[in-house]
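The next block is upload_22.cif, given as mmCIF, C-alpha atoms and all ligand atoms.
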data_my_file
loop_
_atom_site.label_atom_id
_atom_site.label_comp_id
_atom_site.auth_asym_id
_atom_site.auth_seq_id
_atom_site.Cartn_x
_atom_site.Cartn_y
_atom_site.Cartn_z
CA MET A 59 3.94 -23.36 1.99
CA THR A 60 0.67 -22.48 3.67
CA ILE A 61 -2.03 -20.11 2.49
CA VAL A 62 -4.21 -18.12 4.84
CA GLU A 63 -6.98 -15.59 4.28
CA ALA A 64 -5.88 -12.01 3.92
CA THR A 65 -7.25 -9.61 6.50
CA PRO A 66 -8.99 -6.52 5.09
CA GLY A 67 -6.44 -3.70 4.86
CA SER A 68 -5.91 -0.44 3.08
CA THR A 69 -5.11 -2.05 -0.22
CA LEU A 70 -6.08 0.14 -3.15
CA ALA A 71 -6.48 -2.52 -5.76
CA GLU A 72 -5.52 -5.97 -4.61
CA SER A 73 -5.02 -8.35 -7.49
CA SER A 74 -4.70 -11.23 -5.08
CA THR A 75 -6.35 -11.92 -1.74
CA ALA A 76 -4.14 -14.83 -0.74
CA VAL A 77 -1.34 -14.58 1.79
CA LEU A 78 1.46 -17.05 1.14
CA GLU A 79 3.75 -18.21 3.93
CA THR A 80 7.04 -20.04 3.59
CA GLU A 81 9.71 -20.94 6.11
CA ARG A 82 11.25 -17.44 6.06
CA LEU A 83 8.77 -15.31 4.10
CA VAL A 84 5.29 -13.86 4.05
CA LEU A 85 3.87 -12.76 0.70
CA ARG A 86 0.78 -10.53 0.58
CA ALA A 87 -0.80 -8.03 -1.80
CA PRO A 88 0.92 -4.61 -1.91
CA ARG A 89 -0.80 -1.82 0.07
CA ILE A 90 -0.70 1.97 0.19
CA GLU A 91 1.57 1.91 3.22
CA ASP A 92 4.18 -0.04 1.24
CA MET A 93 4.90 2.91 -1.06
CA ALA A 94 7.89 4.26 0.88
CA TRP A 95 9.89 1.03 0.97
CA ILE A 96 8.96 0.15 -2.61
CA ALA A 97 10.29 3.54 -3.74
CA GLU A 98 13.46 3.09 -1.68
CA LEU A 99 14.30 -0.44 -2.85
CA ALA A 100 13.22 -0.04 -6.48
CA ASP A 101 15.18 3.18 -6.98
CA ASN A 102 18.26 1.24 -8.01
CA ARG A 103 19.64 0.98 -11.54
CA ASN A 104 20.82 -2.60 -10.83
CA VAL A 105 17.20 -3.57 -10.18
CA ALA A 106 15.55 -1.46 -12.88
CA GLU A 107 17.80 -2.55 -15.72
CA MET A 108 17.09 -6.24 -15.10
CA THR A 109 13.30 -5.79 -15.13
CA ALA A 110 10.98 -4.80 -17.96
CA ASN A 111 8.76 -2.21 -16.33
CA ILE A 112 10.58 -0.45 -13.48
CA PRO A 113 11.55 3.12 -14.48
CA HIS A 114 14.77 4.76 -13.31
CA PRO A 115 15.00 6.91 -11.28
CA TYR A 116 12.03 5.59 -9.26
CA GLY A 117 10.21 7.80 -6.75
CA MET A 118 7.15 7.88 -4.50
CA ALA A 119 4.90 8.83 -7.44
CA ASP A 120 6.03 5.70 -9.28
CA ALA A 121 5.36 3.55 -6.20
CA ALA A 122 1.93 5.16 -5.77
CA ALA A 123 1.08 4.47 -9.41
CA PHE A 124 2.27 0.89 -9.06
CA VAL A 125 0.13 0.18 -5.98
CA ALA A 126 -2.89 1.96 -7.49
CA ASN A 127 -2.69 0.06 -10.77
CA LEU A 128 -1.79 -3.48 -9.82
CA PRO A 129 -2.44 -5.90 -12.67
CA SER A 130 -5.95 -7.27 -12.25
CA GLY A 131 -7.98 -10.03 -13.76
CA ALA A 132 -8.53 -13.72 -13.21
CA GLY A 133 -5.34 -15.66 -12.71
CA THR A 134 -3.19 -12.62 -12.00
CA ALA A 135 -1.37 -12.01 -8.73
CA THR A 136 1.04 -9.49 -7.21
CA PHE A 137 2.77 -10.03 -3.87
CA ALA A 138 4.97 -7.90 -1.66
CA ILE A 139 7.66 -10.09 -0.08
CA PHE A 140 8.51 -9.83 3.64
CA LEU A 141 11.07 -11.62 5.77
CA ARG A 142 9.20 -13.09 8.74
CA THR A 143 9.86 -11.88 12.24
CA ASP A 144 9.75 -15.36 13.77
CA GLY A 145 13.08 -17.10 13.34
CA TYR A 146 14.89 -14.89 10.85
CA ASN A 147 14.46 -11.59 12.69
CA PRO A 148 12.89 -12.36 16.08
CA LEU A 149 13.31 -8.84 17.45
CA GLY A 150 11.79 -6.73 14.71
CA PRO A 151 8.77 -6.33 12.45
CA PRO A 152 8.64 -8.17 9.10
CA ILE A 153 11.24 -6.74 6.74
CA PRO A 154 9.98 -5.74 3.28
CA VAL A 155 12.43 -7.06 0.70
CA GLY A 156 10.83 -7.00 -2.77
CA MET A 157 7.99 -7.90 -5.09
CA CYS A 158 6.84 -10.81 -7.23
CA GLY A 159 3.83 -11.86 -9.24
CA PHE A 160 2.47 -13.11 -12.53
CA VAL A 161 0.25 -11.64 -15.19
CA ALA A 162 -1.27 -13.06 -18.37
CA ARG A 163 -1.05 -10.90 -21.49
CA ASN A 164 -2.62 -11.39 -24.92
CA GLY A 165 -4.18 -14.73 -24.02
CA GLU A 166 -0.74 -16.22 -23.20
CA HIS A 167 0.04 -18.26 -20.11
CA PRO A 168 0.93 -16.01 -17.16
CA GLU A 169 4.52 -14.76 -16.99
CA ILE A 170 6.21 -14.44 -13.61
CA GLY A 171 8.27 -11.44 -12.56
CA TYR A 172 10.20 -10.61 -9.39
CA TRP A 173 12.77 -8.28 -7.90
CA LEU A 174 14.46 -7.85 -4.52
CA GLY A 175 16.13 -4.83 -2.97
CA GLU A 176 19.88 -5.20 -3.49
CA PRO A 177 20.71 -5.59 0.25
CA TYR A 178 18.70 -8.84 0.21
CA TRP A 179 20.33 -10.55 -2.77
CA GLY A 180 22.27 -13.78 -2.37
CA ARG A 181 20.32 -15.44 0.46
CA GLY A 182 17.99 -17.68 -1.53
CA ILE A 183 15.05 -15.35 -0.90
CA ALA A 184 13.98 -15.05 -4.55
CA THR A 185 13.98 -18.81 -5.04
CA GLU A 186 11.89 -19.30 -1.90
CA ALA A 187 9.42 -16.60 -2.94
CA VAL A 188 9.11 -17.78 -6.55
CA ARG A 189 8.49 -21.37 -5.44
CA ALA A 190 5.62 -20.13 -3.26
CA LEU A 191 4.33 -18.09 -6.20
CA ILE A 192 4.45 -21.14 -8.47
CA ASP A 193 2.64 -23.34 -5.91
CA HIS A 194 -0.07 -20.65 -5.72
CA ALA A 195 -0.37 -20.40 -9.51
CA PHE A 196 -0.71 -24.14 -10.08
CA GLY A 197 -2.24 -25.24 -6.77
CA ASP A 198 -4.79 -22.50 -6.09
CA LEU A 199 -5.36 -20.80 -9.43
CA ARG A 200 -5.10 -23.99 -11.51
CA HIS A 201 -2.91 -22.54 -14.26
CA GLU A 202 -1.67 -25.03 -16.86
CA ALA A 203 1.69 -23.37 -17.54
CA LEU A 204 3.83 -20.43 -16.44
CA LEU A 205 6.32 -18.42 -18.48
CA ALA A 206 9.49 -16.60 -17.40
CA ALA A 207 12.19 -14.54 -19.08
CA ALA A 208 15.59 -13.29 -17.96
CA ARG A 209 18.11 -11.00 -19.63
CA VAL A 210 21.06 -12.95 -20.94
CA VAL A 211 23.27 -10.78 -18.71
CA ASN A 212 21.33 -11.81 -15.58
CA PRO A 213 22.70 -15.20 -14.40
CA ALA A 214 21.21 -14.81 -10.91
CA SER A 215 17.70 -14.62 -12.31
CA ARG A 216 18.36 -17.51 -14.68
CA HIS A 217 19.49 -19.56 -11.67
CA VAL A 218 16.27 -18.73 -9.81
CA ILE A 219 14.17 -19.75 -12.83
CA GLU A 220 16.04 -23.02 -13.32
CA LYS A 221 16.03 -23.89 -9.60
CA CYS A 222 12.25 -23.57 -9.78
CA GLY A 223 12.02 -26.15 -12.59
CA PHE A 224 11.49 -23.93 -15.63
CA GLN A 225 12.73 -25.25 -18.98
CA TRP A 226 14.47 -23.06 -21.59
CA THR A 227 12.27 -22.53 -24.65
CA GLY A 228 14.25 -20.05 -26.73
CA ALA A 229 15.70 -16.59 -27.07
CA GLY A 230 13.94 -13.32 -27.75
CA LEU A 231 13.89 -9.60 -27.17
CA THR A 232 12.17 -7.64 -24.41
CA ARG A 233 11.84 -3.90 -24.01
CA VAL A 234 13.41 -2.55 -20.80
CA ARG A 235 11.75 0.69 -19.76
CA SER A 236 14.66 2.07 -17.71
CA ILE A 237 17.06 2.00 -20.64
CA GLY A 238 14.48 2.64 -23.38
CA ALA A 239 15.71 -0.24 -25.51
CA SER A 240 15.02 -3.86 -26.36
CA VAL A 241 17.50 -6.39 -25.04
CA PRO A 242 18.15 -10.12 -25.57
CA VAL A 243 16.41 -12.46 -23.14
CA ASP A 244 16.15 -16.19 -22.59
CA ARG A 245 12.60 -17.50 -22.30
CA PHE A 246 11.43 -20.35 -20.08
CA ARG A 247 8.27 -22.35 -19.40
CA LEU A 248 7.06 -24.56 -16.55
CA ASP A 249 4.15 -26.91 -17.24
CA ARG A 250 1.74 -28.07 -14.57
CA SER A 251 2.67 -31.72 -15.23
CA LEU A 252 6.34 -31.04 -14.49
CA TRP A 253 5.43 -29.08 -11.37
CA VAL A 254 3.35 -32.06 -10.18
CA SER A 255 6.31 -34.39 -10.80
CA LEU A 256 8.76 -32.10 -9.03
CA ARG A 257 6.46 -31.87 -6.01
CA ALA A 258 6.04 -35.66 -5.93
CA TRP A 259 9.79 -36.24 -6.20
CA GLY A 260 10.36 -33.75 -3.41
CA ALA A 261 7.92 -35.57 -1.16
CA THR A 262 9.45 -39.00 -1.83
CA ALA A 263 13.10 -37.97 -2.06
CA HIS A 264 15.52 -40.36 -0.42
CA PRO A 265 16.40 -38.61 2.85
CA THR A 266 20.11 -39.48 2.81
CA ARG A 267 22.37 -40.81 0.14
CA GLY A 268 24.54 -43.49 1.73
CA ARG A 269 28.21 -43.90 0.96
CA VAL A 270 29.19 -46.44 -1.68
CA PRO A 271 30.19 -49.56 0.26
CA ASP A 272 33.90 -50.31 0.32
CA ARG A 273 34.10 -53.83 -1.18
CA ARG A 274 37.80 -54.36 -0.58
CA HIS A 275 37.14 -56.04 2.78
C1 LIG B 1 17.53 -11.91 -9.59
C2 LIG B 1 17.25 -11.74 -8.10
C3 LIG B 1 15.74 -11.71 -7.87
C4 LIG B 1 17.87 -12.95 -7.38
O1 LIG B 1 17.52 -12.87 -6.00
P1 LIG B 1 18.30 -13.76 -4.91
O2 LIG B 1 17.44 -13.84 -3.70
O3 LIG B 1 19.69 -13.25 -4.77
O4 LIG B 1 18.32 -15.18 -5.66
P2 LIG B 1 18.65 -16.59 -4.97
O5 LIG B 1 19.64 -16.35 -3.88
O6 LIG B 1 17.38 -17.28 -4.64
O7 LIG B 1 19.32 -17.39 -6.18
C5 LIG B 1 20.31 -16.77 -6.99
C6 LIG B 1 21.19 -17.82 -7.60
O8 LIG B 1 21.99 -17.22 -8.62
C7 LIG B 1 23.35 -17.39 -8.29
N1 LIG B 1 24.05 -16.19 -8.74
C8 LIG B 1 23.98 -14.96 -8.23
N2 LIG B 1 24.76 -14.13 -8.93
C9 LIG B 1 25.32 -14.87 -9.90
C10 LIG B 1 26.25 -14.58 -10.95
N3 LIG B 1 26.71 -13.36 -11.16
N4 LIG B 1 26.61 -15.58 -11.78
C11 LIG B 1 26.13 -16.83 -11.60
N5 LIG B 1 25.25 -17.17 -10.62
C12 LIG B 1 24.87 -16.19 -9.79
C13 LIG B 1 23.39 -17.59 -6.80
O9 LIG B 1 24.56 -18.24 -6.39
C14 LIG B 1 22.13 -18.42 -6.61
O10 LIG B 1 22.33 -19.75 -7.02
P3 LIG B 1 22.64 -20.93 -5.96
O11 LIG B 1 21.48 -20.98 -5.01
O12 LIG B 1 22.73 -22.15 -6.82
O13 LIG B 1 23.91 -20.55 -5.28
C15 LIG B 1 17.88 -10.43 -7.56
O14 LIG B 1 19.26 -10.44 -7.87
C16 LIG B 1 17.26 -9.19 -8.16
O15 LIG B 1 16.25 -8.73 -7.68
N6 LIG B 1 17.86 -8.65 -9.24
C17 LIG B 1 17.36 -7.44 -9.90
C18 LIG B 1 15.99 -7.65 -10.52
C19 LIG B 1 15.92 -8.91 -11.37
O16 LIG B 1 16.89 -9.33 -11.97
N7 LIG B 1 14.72 -9.50 -11.42
C20 LIG B 1 14.48 -10.66 -12.24
C21 LIG B 1 14.06 -10.24 -13.60
S1 LIG B 1 13.96 -11.64 -14.73
#

Output the file's structure in the form of structure tokens.
Ligand SMILES: CC(C)(COP(=O)(O)OP(=O)(O)OC[C@H]1O[C@@H](n2cnc3c(N)ncnc32)[C@H](O)[C@@H]1OP(=O)(O)O)[C@@H](O)C(=O)NCCC(=O)NCCS
Amino acid sequence: MTIVEATPGSTLAESSTAVLETERLVLRAPRIEDMAWIAELADNRNVAEMTANIPHPYGMADAAAFVANLPSGAGTATFAIFLRTDGYNPLGPPIPVGMCGFVARNGEHPEIGYWLGEPYWGRGIATEAVRALIDHAFGDLRHEALLAAARVVNPASRHVIEKCGFQWTGAGLTRVRSIGASVPVDRFRLDRSLWVSLRAWGATAHPTRGRVPDRRH
């Protein structure tokens, strides 16, 4: 992952100035001009019911309010996720696919959140984006720990969380705005020390695992 300076744009209230780049993705702060695609992709019950704060139905006014009131404060970040044009989609502009970020509430460690438009599920995009988000949180913003939660009926999100190194810490309840009720969730935590170890293991991983020698000869 590389981080480059953001160019000044028409962002209303950027909570993060970093631009994160991965092999297939670019992550940058949401802007006014993102409202239309945010409204289109977020207006989906399958997305809303798995997240805490997305209302359903979701329209342009909701997207405008979201972009105008991005969580702010030290150690907070919100990123719009785009598929890069180079490689994945060489003929077109970057494709907006979803949103991710983290915010600290009530003096707790920051909690990550993310969603993708349904057409983009199942390609490893969330895992790639969340790993970049985590590297930013620990590497640039120097957080000591990150939290995550997933509904117990959301195995895809649990997979993303576990593939990123989070450890299960317990069960709880979270209010889901779109259904107006509290639902069971699993809670997770990733400490800086584990992130450092995972990064070190990744860098020193044995490139190939040889076959067990056949000792019969
Ligand atoms: C959760 C979400 C972000 C996942 O995005 P994604 O890009 O499809 O995720 P990835 O492809 O990186 O990883 C998903 C993993 O879950 C697995 N998975 C998907 N559906 C699954 C299911 N029903 N049961 C078990 N595993 C499942 C995938 O196989 C994959 O694991 P693998 O890489 O080991 O094969 C996306 O489905 C989404 O936006 N959902 C609605 C909003 C939401 O749930 N946000 C998270 C709130 S906590």

Given only C-alpha atoms and all ligand atoms, how would the per-residue table for chain A near ligand LIG 1 (chain B) read, listing every residue at most 8 Å away with its closest atom pair and distance in Å to one decimal, sorted by chain and number, as a Markdown table?
| residue | atom | partner | partner_atom | distance |
| --- | --- | --- | --- | --- |
| A:Asn104 | CA | B:LIG1 | C17 | 6.0 |
| A:Val105 | CA | B:LIG1 | C17 | 3.9 |
| A:Ala106 | CA | B:LIG1 | C18 | 6.6 |
| A:Glu107 | CA | B:LIG1 | C18 | 7.5 |
| A:Met108 | CA | B:LIG1 | O16 | 4.4 |
| A:Thr109 | CA | B:LIG1 | C21 | 4.8 |
| A:Ala110 | CA | B:LIG1 | C21 | 7.6 |
| A:Gly156 | CA | B:LIG1 | O15 | 7.5 |
| A:Gly171 | CA | B:LIG1 | C21 | 6.0 |
| A:Tyr172 | CA | B:LIG1 | N7 | 5.1 |
| A:Trp173 | CA | B:LIG1 | O15 | 3.5 |
| A:Leu174 | CA | B:LIG1 | O15 | 3.7 |
| A:Gly175 | CA | B:LIG1 | O15 | 6.1 |
| A:Glu176 | CA | B:LIG1 | O15 | 6.6 |
| A:Tyr178 | CA | B:LIG1 | O2 | 6.5 |
| A:Trp179 | CA | B:LIG1 | O3 | 3.4 |
| A:Gly180 | CA | B:LIG1 | O3 | 3.6 |
| A:Arg181 | CA | B:LIG1 | O5 | 4.5 |
| A:Gly182 | CA | B:LIG1 | O5 | 3.2 |
| A:Ile183 | CA | B:LIG1 | O2 | 4.0 |
| A:Ala184 | CA | B:LIG1 | O2 | 3.8 |
| A:Thr185 | CA | B:LIG1 | O6 | 3.7 |
| A:Glu186 | CA | B:LIG1 | O6 | 6.5 |
| A:Ala206 | CA | B:LIG1 | S1 | 7.2 |
| A:Ala207 | CA | B:LIG1 | S1 | 5.5 |
| A:Ala208 | CA | B:LIG1 | S1 | 4.0 |
| A:Arg209 | CA | B:LIG1 | S1 | 6.5 |
| A:Asn212 | CA | B:LIG1 | O16 | 6.2 |
| A:Pro213 | CA | B:LIG1 | C11 | 4.7 |
| A:Ala214 | CA | B:LIG1 | O8 | 3.4 |
| A:Ser215 | CA | B:LIG1 | C1 | 3.8 |
| A:Arg216 | CA | B:LIG1 | O8 | 7.1 |
| A:His217 | CA | B:LIG1 | O8 | 4.6 |
| A:Val218 | CA | B:LIG1 | O7 | 4.9 |
| A:Lys221 | CA | B:LIG1 | O12 | 7.5 |

* Residue neighbourhood A:Leu205, 9 Å, all atoms listed in the file, exclusion window fewer than 5 positions, as a PyMOL selection string -> chain A and resi 160+166-170+224+245-249

Store the residues picked out above in a file with C-alpha atoms, as a PDB file, keeping the file's coordinate frame.
ATOM      1  CA  PHE A 160       2.470 -13.110 -12.530  1.00  0.00           C
ATOM      2  CA  GLU A 166      -0.740 -16.220 -23.200  1.00  0.00           C
ATOM      3  CA  HIS A 167       0.040 -18.260 -20.110  1.00  0.00           C
ATOM      4  CA  PRO A 168       0.930 -16.010 -17.160  1.00  0.00           C
ATOM      5  CA  GLU A 169       4.520 -14.760 -16.990  1.00  0.00           C
ATOM      6  CA  ILE A 170       6.210 -14.440 -13.610  1.00  0.00           C
ATOM      7  CA  PHE A 224      11.490 -23.930 -15.630  1.00  0.00           C
ATOM      8  CA  ARG A 245      12.600 -17.500 -22.300  1.00  0.00           C
ATOM      9  CA  PHE A 246      11.430 -20.350 -20.080  1.00  0.00           C
ATOM     10  CA  ARG A 247       8.270 -22.350 -19.400  1.00  0.00           C
ATOM     11  CA  LEU A 248       7.060 -24.560 -16.550  1.00  0.00           C
ATOM     12  CA  ASP A 249       4.150 -26.910 -17.240  1.00  0.00           C
TER      13      ASP A 249
END

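The space separating atom CA of A:Ala87 from atom CA of A:Trp253 comes to 23.9 Å.
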
* Compare A:Ala239, A:Ile90, A:Ile153, A:Ala132 by their minimum atom-to-atom distance to A:Asp198, counting only C-alpha atoms, and give me the closest one. =>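 Result for the nearest residue to A:Asp198: A:Ala132.
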
* Hey, can you check how far atom CA of A:Pro88 sits from atom CA of A:Phe137? ->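 Taking atom CA of A:Pro88 and atom CA of A:Phe137, their separation equals 6.1 Å.
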
* Between A:Ala162, A:Ala229, A:Ile237, A:Ile139, single out the one closest to A:Leu83, counting only C-alpha atoms. =>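 Of A:Ala162, A:Ala229, A:Ile237, A:Ile139, the one nearest A:Leu83, counting only C-alpha atoms, is A:Ile139.
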
* Asked: What separation in Å, quoted to one decimal, exists between atom CA of A:Val161 and atom CA of A:Arg86?
  ->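 About the pair atom CA of A:Val161 and atom CA of A:Arg86: they are 15.8 Å apart.
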
* Using all atoms listed in the file, which residues sit within 9 Å of A:Pro113 once same-chain residues fewer than 2 positions away are excluded, as a PyMOL selection string? -> chain A and resi 100-101+103+106-107+110-111+115-116+120+234-237

* Asked: With only C-alpha atoms as the atoms that count, which of A:Arg163, A:Arg189, A:Arg250, A:His201 lies nearest to A:Leu85?
  ->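 Looking only at the distances to A:Leu85, the closest residue turns out to be A:Arg189.
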
* Surrounding residues of A:Ala97 excluding itself and chain neighbours under 2 positions, 7 Å, all atoms listed in the file, as a ChimeraX atom specification -> /A:93-95,99-101,116-118,121

* Give me the residues within 7 Å of A:Thr232 as an MDAnalysis selection string, counting all atoms listed in the file and dropping any in the same chain fewer than 5 places off. => chainID A and resid 240:243

Taking the block just given, write stretch 175-243 of chain A to a file that holds C-alpha atoms, as a compact mmCIF listing (two decimals), in the first residue's frame.
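After the write, result_21.txt holds the following:
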# COMPACT_ATOMS: atom_id res chain seq x y z
CA GLY A 175 -22.37 -2.01 -3.50
CA GLU A 176 -23.82 -5.47 -4.04
CA PRO A 177 -22.53 -5.83 -7.66
CA TYR A 178 -18.99 -5.72 -6.24
CA TRP A 179 -19.29 -8.41 -3.56
CA GLY A 180 -17.27 -11.60 -3.74
CA ARG A 181 -14.07 -10.34 -5.37
CA GLY A 182 -11.92 -9.74 -2.30
CA ILE A 183 -12.40 -5.98 -2.56
CA ALA A 184 -13.49 -5.45 1.06
CA THR A 185 -10.52 -7.39 2.41
CA GLU A 186 -8.11 -5.37 0.25
CA ALA A 187 -9.70 -2.07 1.30
CA VAL A 188 -9.86 -2.93 5.01
CA ARG A 189 -6.21 -4.01 5.03
CA ALA A 190 -5.26 -0.62 3.57
CA LEU A 191 -7.46 1.06 6.18
CA ILE A 192 -5.76 -0.88 8.98
CA ASP A 193 -2.26 -0.04 7.68
CA HIS A 194 -3.29 3.63 7.67
CA ALA A 195 -4.71 3.46 11.19
CA PHE A 196 -1.65 1.81 12.73
CA GLY A 197 1.08 3.07 10.38
CA ASP A 198 0.11 6.71 9.86
CA LEU A 199 -2.25 7.55 12.70
CA ARG A 200 -0.43 5.44 15.31
CA HIS A 201 -3.53 3.87 16.85
CA GLU A 202 -2.90 1.20 19.49
CA ALA A 203 -5.94 -0.96 18.71
CA LEU A 204 -8.91 -1.17 16.36
CA LEU A 205 -12.36 -2.61 17.01
CA ALA A 206 -14.83 -4.27 14.64
CA ALA A 207 -18.28 -5.81 14.89
CA ALA A 208 -20.37 -7.94 12.55
CA ARG A 209 -23.93 -9.20 12.78
CA VAL A 210 -24.01 -12.90 13.59
CA VAL A 211 -25.97 -13.39 10.34
CA ASN A 212 -23.18 -11.77 8.28
CA PRO A 213 -20.51 -14.44 7.60
CA ALA A 214 -18.98 -12.46 4.72
CA SER A 215 -18.15 -9.57 7.01
CA ARG A 216 -16.85 -11.91 9.70
CA HIS A 217 -14.56 -13.45 7.07
CA VAL A 218 -13.23 -10.01 6.12
CA ILE A 219 -12.56 -9.16 9.78
CA GLU A 220 -10.79 -12.46 10.46
CA LYS A 221 -8.75 -12.32 7.23
CA CYS A 222 -7.48 -8.96 8.46
CA GLY A 223 -6.23 -10.45 11.73
CA PHE A 224 -8.93 -9.34 14.17
CA GLN A 225 -9.53 -11.56 17.21
CA TRP A 226 -13.01 -12.35 18.58
CA THR A 227 -13.62 -10.65 21.94
CA GLY A 228 -17.25 -11.43 22.67
CA ALA A 229 -20.88 -11.01 21.71
CA GLY A 230 -23.11 -7.98 22.08
CA LEU A 231 -25.99 -6.02 20.67
CA THR A 232 -25.92 -3.16 18.16
CA ARG A 233 -28.76 -0.97 16.99
CA VAL A 234 -29.42 -1.17 13.24
CA ARG A 235 -31.06 2.00 11.99
CA SER A 236 -32.71 0.50 8.90
CA ILE A 237 -34.70 -2.03 10.91
CA GLY A 238 -35.12 0.09 14.05
CA ALA A 239 -33.98 -2.69 16.35
CA SER A 240 -30.97 -4.02 18.21
CA VAL A 241 -29.44 -7.20 16.85
CA PRO A 242 -26.78 -9.68 18.05
CA VAL A 243 -23.24 -9.00 16.89
